[in-house]
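Novice: To start, I am sharing the structure in question, which I have written as structure tokens.
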Amino acid sequence: MQTFHTISGLREALAGERAKGYRIGLVPTMGNLHDAHLELINIARQNCDVVVCSIFVNALQFGLNEDWDKYPRTIADDTRKLTSAGCDYLFHPADIEMYPNGLATQTRVVCPTMTDVLCGASRPGHFEGVTTVVTKLFNIVQPDEAVFGIKDFQQLAVIRRMAEDLCMGVKITAAPIHRETDGLAMSSRNGYITAPERPGVAVLYTTLQWIAQCIREGRQDFAALEVDGGKRIEAAGFRVDYVAVCNSKTLEPAALDDREITVLGAMYTSAARLIDNLSLTLEDRG
Ligand code: PAF
């Protein structure tokens, strides 16, 4: 695997690959790689001839009181994992390479719908930071395909919408959620969960499963299910950010005739904010 820290170096290498007619896959990450990331690399490997992984802890998507400065940076370990996973290129730019004019005056990409609800409600500006950096990465790499995890369901939906709205010509591929044996979705932030809290955090997923099962059995009182879901999480000792039953494409509150539904949740442990989701397709209830 070759590592590049500069946009020009990576572009030159990829121009050579493109000239050979190779299909280029991109896996954007912020590093601290775990098995779920390596599965994204694996999917890109299967679908493309050349795989590029980016590792960049993007300050633009972190709020003032969020964990940008303490976000784990584990580049040596990540490089080893990417090499064994068969990644061809690592793009690991410094902040100045990605934002040479600073953050304050950086041109932004705004997706006006879907970004101020759910995670966006408690993380103002977060998705604008994501869409901006992902657009930059798409412009730098010009991938044929980019792979994102379904765990960040809202991020995936927003990126799909952005790519469609801006005619980006890149295929967006979704990779399934990787879970620990008790159902906890794998995340770089799971490292912040304390040992005493760890057994209880699976409540987020079991709550989403319970809501999904109620809906499959015919319940249509989505708002009441959201409230009851929140109470289950609180009863396990965690603060709820949101529990929501949404239309899978628009992320608007699910309507009674929606068939593609996603149940999403976010909760706080003492030092982490955890998110999860579960999608279901309903048969026509006729
Ligand atoms: O999901 C992430 O790790 C980040 O939001 C992404 C897509 C790499 C953009 O910084």
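In the structure tokens, the first chain shown is A, the next is B, and so on; residue numbers restart at 1 for each chain, and ligands run from 1 in the order shown.
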Hey, which residues come within 7 Å of ligand 1 if we count only C-alpha atoms and all ligand atoms? Could you give them as a PyMOL selection string?
Specialist: chain A and resi 28-30+56-58+130+133-134+152
Novice: Using the selection just defined, write its residues with N, CA and C atoms as a compact mmCIF listing (two decimals), in the first residue's frame.
Specialist:
# COMPACT_ATOMS: atom_id res chain seq x y z
N PRO A 28 -13.99 6.56 2.63
CA PRO A 28 -13.60 7.70 3.48
C PRO A 28 -13.74 7.32 4.95
N THR A 29 -12.73 7.60 5.76
CA THR A 29 -12.80 7.30 7.20
C THR A 29 -12.11 8.42 7.98
N MET A 30 -12.29 8.32 9.30
CA MET A 30 -11.53 9.22 10.18
C MET A 30 -10.51 8.40 10.98
N PHE A 56 -8.87 11.05 7.69
CA PHE A 56 -8.78 12.49 7.96
C PHE A 56 -9.80 12.82 9.04
N VAL A 57 -9.32 13.28 10.19
CA VAL A 57 -10.23 13.66 11.27
C VAL A 57 -10.66 15.10 10.98
N ASN A 58 -11.86 15.20 10.43
CA ASN A 58 -12.33 16.42 9.79
C ASN A 58 -12.90 17.42 10.80
N VAL A 130 -19.61 17.24 7.00
CA VAL A 130 -19.47 15.94 6.33
C VAL A 130 -19.61 16.11 4.82
N VAL A 133 -16.53 17.86 3.30
CA VAL A 133 -15.28 17.07 3.19
C VAL A 133 -15.47 15.91 2.22
N VAL A 134 -16.65 15.31 2.19
CA VAL A 134 -16.86 14.19 1.26
C VAL A 134 -16.82 14.70 -0.18
N ASP A 152 -24.10 4.85 10.23
CA ASP A 152 -24.37 6.29 10.18
C ASP A 152 -25.46 6.52 9.13
Novice: I'd like the neighbourhood of A:Val109 as a PyMOL selection string, where a residue qualifies if any of its atoms comes within 7 Å (using only C-alpha atoms), though same-chain residues fewer than 6 positions away should be ignored.
Specialist: chain A and resi 128+131-132
Novice: From the set A:Thr83, A:Asn247, A:Asn190, A:Ser54, which residue has the shortest atom-to-atom contact distance to A:Phe153, counting only C-alpha atoms?
Specialist: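 When distances to A:Phe153 are compared using only C-alpha atoms, the smallest one comes from A:Asn247.
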Novice: May I have the residues within 10 Å of A:Arg11 as a list in words, using only C-alpha atoms and disregarding those fewer than 6 positions away in the same chain?
Specialist: Phe4, Glu17, Asn139, Ile140, Val141 and Gln142 of chain A
Novice: With all heavy atoms retained, could you export that selection as an mmCIF file, in the first residue's frame?
Specialist:
data_model
loop_
_atom_site.group_PDB
_atom_site.id
_atom_site.type_symbol
_atom_site.label_atom_id
_atom_site.label_comp_id
_atom_site.auth_asym_id
_atom_site.auth_seq_id
_atom_site.Cartn_x
_atom_site.Cartn_y
_atom_site.Cartn_z
ATOM 1 N N PHE A 4 -0.163 8.566 0.702
ATOM 2 C CA PHE A 4 0.045 9.935 0.208
ATOM 3 C C PHE A 4 -0.485 10.934 1.218
ATOM 4 O O PHE A 4 -1.556 10.730 1.794
ATOM 5 C CB PHE A 4 -0.677 10.142 -1.137
ATOM 6 C CG PHE A 4 -0.019 9.420 -2.269
ATOM 7 C CD1 PHE A 4 -0.483 8.179 -2.677
ATOM 8 C CD2 PHE A 4 1.088 9.962 -2.909
ATOM 9 C CE1 PHE A 4 0.136 7.497 -3.708
ATOM 10 C CE2 PHE A 4 1.713 9.275 -3.941
ATOM 11 C CZ PHE A 4 1.234 8.040 -4.348
ATOM 12 N N GLU A 17 -3.676 4.856 -12.712
ATOM 13 C CA GLU A 17 -4.630 3.730 -12.582
ATOM 14 C C GLU A 17 -5.814 3.940 -13.529
ATOM 15 O O GLU A 17 -6.261 3.001 -14.187
ATOM 16 C CB GLU A 17 -5.153 3.635 -11.135
ATOM 17 C CG GLU A 17 -4.077 3.501 -10.074
ATOM 18 C CD GLU A 17 -3.452 2.106 -10.044
ATOM 19 O OE1 GLU A 17 -3.695 1.311 -10.971
ATOM 20 O OE2 GLU A 17 -2.688 1.828 -9.098
ATOM 21 N N ASN A 139 -13.824 14.963 -5.167
ATOM 22 C CA ASN A 139 -13.117 15.745 -6.192
ATOM 23 C C ASN A 139 -11.643 15.345 -6.288
ATOM 24 O O ASN A 139 -11.051 15.351 -7.368
ATOM 25 C CB ASN A 139 -13.218 17.244 -5.885
ATOM 26 C CG ASN A 139 -14.607 17.783 -6.179
ATOM 27 O OD1 ASN A 139 -15.360 17.176 -6.932
ATOM 28 N ND2 ASN A 139 -14.946 18.902 -5.584
ATOM 29 N N ILE A 140 -11.061 14.998 -5.162
ATOM 30 C CA ILE A 140 -9.636 14.629 -5.154
ATOM 31 C C ILE A 140 -9.440 13.245 -5.790
ATOM 32 O O ILE A 140 -8.593 13.057 -6.653
ATOM 33 C CB ILE A 140 -9.096 14.631 -3.692
ATOM 34 C CG1 ILE A 140 -9.083 16.054 -3.139
ATOM 35 C CG2 ILE A 140 -7.718 13.993 -3.609
ATOM 36 C CD1 ILE A 140 -8.943 16.135 -1.618
ATOM 37 N N VAL A 141 -10.268 12.290 -5.356
ATOM 38 C CA VAL A 141 -10.072 10.883 -5.782
ATOM 39 C C VAL A 141 -10.812 10.580 -7.086
ATOM 40 O O VAL A 141 -10.374 9.743 -7.869
ATOM 41 C CB VAL A 141 -10.549 9.930 -4.641
ATOM 42 C CG1 VAL A 141 -10.493 8.481 -5.070
ATOM 43 C CG2 VAL A 141 -9.712 10.149 -3.381
ATOM 44 N N GLN A 142 -11.925 11.266 -7.309
ATOM 45 C CA GLN A 142 -12.813 10.973 -8.451
ATOM 46 C C GLN A 142 -13.127 9.477 -8.547
ATOM 47 O O GLN A 142 -12.855 8.827 -9.557
ATOM 48 C CB GLN A 142 -12.208 11.498 -9.747
ATOM 49 C CG GLN A 142 -12.078 13.016 -9.693
ATOM 50 C CD GLN A 142 -11.424 13.604 -10.919
ATOM 51 O OE1 GLN A 142 -11.511 13.071 -12.007
ATOM 52 N NE2 GLN A 142 -10.759 14.722 -10.733
#
Novice: DSSP on the backbone: which residues in stretch 85-278 of chain A end up as alpha helix (DSSP H)? Give the answer as number ranges by chain.
Specialist: A: 85, 95-98, 119-122, 126-141, 153-165, 203-216, 222-235
Novice: With only C-alpha atoms as the basis for distance, which of A:Asn42, A:Thr135, A:Thr74, A:Thr107 is at the shortest distance from A:Asp88?
Specialist: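 Checking each of A:Asn42, A:Thr135, A:Thr74, A:Thr107 against A:Asp88, counting only C-alpha atoms, the winner is A:Asn42.
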Novice: Find the residues around A:Thr194 up to 10 Å (only C-alpha atoms counted), leave out those fewer than 5 positions away in its own chain, and share them as a list in words.
Specialist: Pro199, Thr269, Ser270, Ala271 and Ala272 of chain A
Novice: Which distance in Å separates atom CA of A:Val51 and atom CA of A:Leu10, to one decimal?
Specialist: 12.2 Å
Novice: If we count only C-alpha atoms and set the cut-off at 12 Å, which residues sit around A:Ile193, ignoring sequence neighbours fewer than 5 positions away in its own chain? Please answer as a short mmCIF file (atom, residue, chain, number, x, y, z; two decimals) with N, CA and C atoms, in the first residue's frame.
Specialist:
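Produced file selection-v5.cif, reproduced below:
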data_model
loop_
_atom_site.label_atom_id
_atom_site.label_comp_id
_atom_site.auth_asym_id
_atom_site.auth_seq_id
_atom_site.Cartn_x
_atom_site.Cartn_y
_atom_site.Cartn_z
N LEU A 184 -24.35 -4.52 20.09
CA LEU A 184 -23.82 -3.15 20.01
C LEU A 184 -23.15 -2.92 18.65
N MET A 186 -20.63 -1.65 16.01
CA MET A 186 -19.22 -1.26 16.13
C MET A 186 -19.03 0.20 15.75
N SER A 187 -18.22 0.90 16.53
CA SER A 187 -17.98 2.32 16.29
C SER A 187 -16.64 2.70 16.91
N SER A 188 -16.00 3.69 16.29
CA SER A 188 -14.73 4.16 16.86
C SER A 188 -14.96 4.76 18.24
N ARG A 198 -20.72 -0.84 29.96
CA ARG A 198 -20.69 -1.67 28.75
C ARG A 198 -21.82 -2.72 28.66
N PRO A 199 -22.15 -3.45 29.77
CA PRO A 199 -23.21 -4.45 29.62
C PRO A 199 -24.56 -3.83 29.26
N GLY A 200 -24.81 -2.60 29.67
CA GLY A 200 -26.13 -2.00 29.47
C GLY A 200 -26.36 -1.37 28.11
N VAL A 201 -25.28 -1.04 27.39
CA VAL A 201 -25.46 -0.21 26.18
C VAL A 201 -26.18 -0.92 25.03
N ALA A 202 -26.27 -2.26 25.13
CA ALA A 202 -27.00 -2.99 24.08
C ALA A 202 -28.47 -2.60 24.08
N PHE A 238 -29.51 5.41 30.75
CA PHE A 238 -28.84 6.28 29.76
C PHE A 238 -29.75 7.44 29.37
N MET A 267 -28.23 7.77 21.98
CA MET A 267 -28.25 7.95 23.44
C MET A 267 -26.84 8.28 23.94
N TYR A 268 -26.81 8.82 25.15
CA TYR A 268 -25.53 9.22 25.74
C TYR A 268 -25.14 8.26 26.85
N THR A 269 -23.88 7.83 26.85
CA THR A 269 -23.30 7.21 28.03
C THR A 269 -22.56 8.35 28.74
N SER A 270 -21.78 8.04 29.78
CA SER A 270 -21.12 9.15 30.49
C SER A 270 -20.15 9.90 29.59
N ALA A 271 -19.52 9.20 28.61
CA ALA A 271 -18.52 9.88 27.78
C ALA A 271 -18.70 9.66 26.29
N ALA A 272 -19.76 8.99 25.90
CA ALA A 272 -19.94 8.72 24.46
C ALA A 272 -21.38 8.98 24.05
N ARG A 273 -21.54 9.29 22.78
CA ARG A 273 -22.88 9.39 22.20
C ARG A 273 -22.97 8.25 21.19
N LEU A 274 -23.91 7.34 21.39
CA LEU A 274 -24.01 6.15 20.54
C LEU A 274 -25.23 6.27 19.63
#
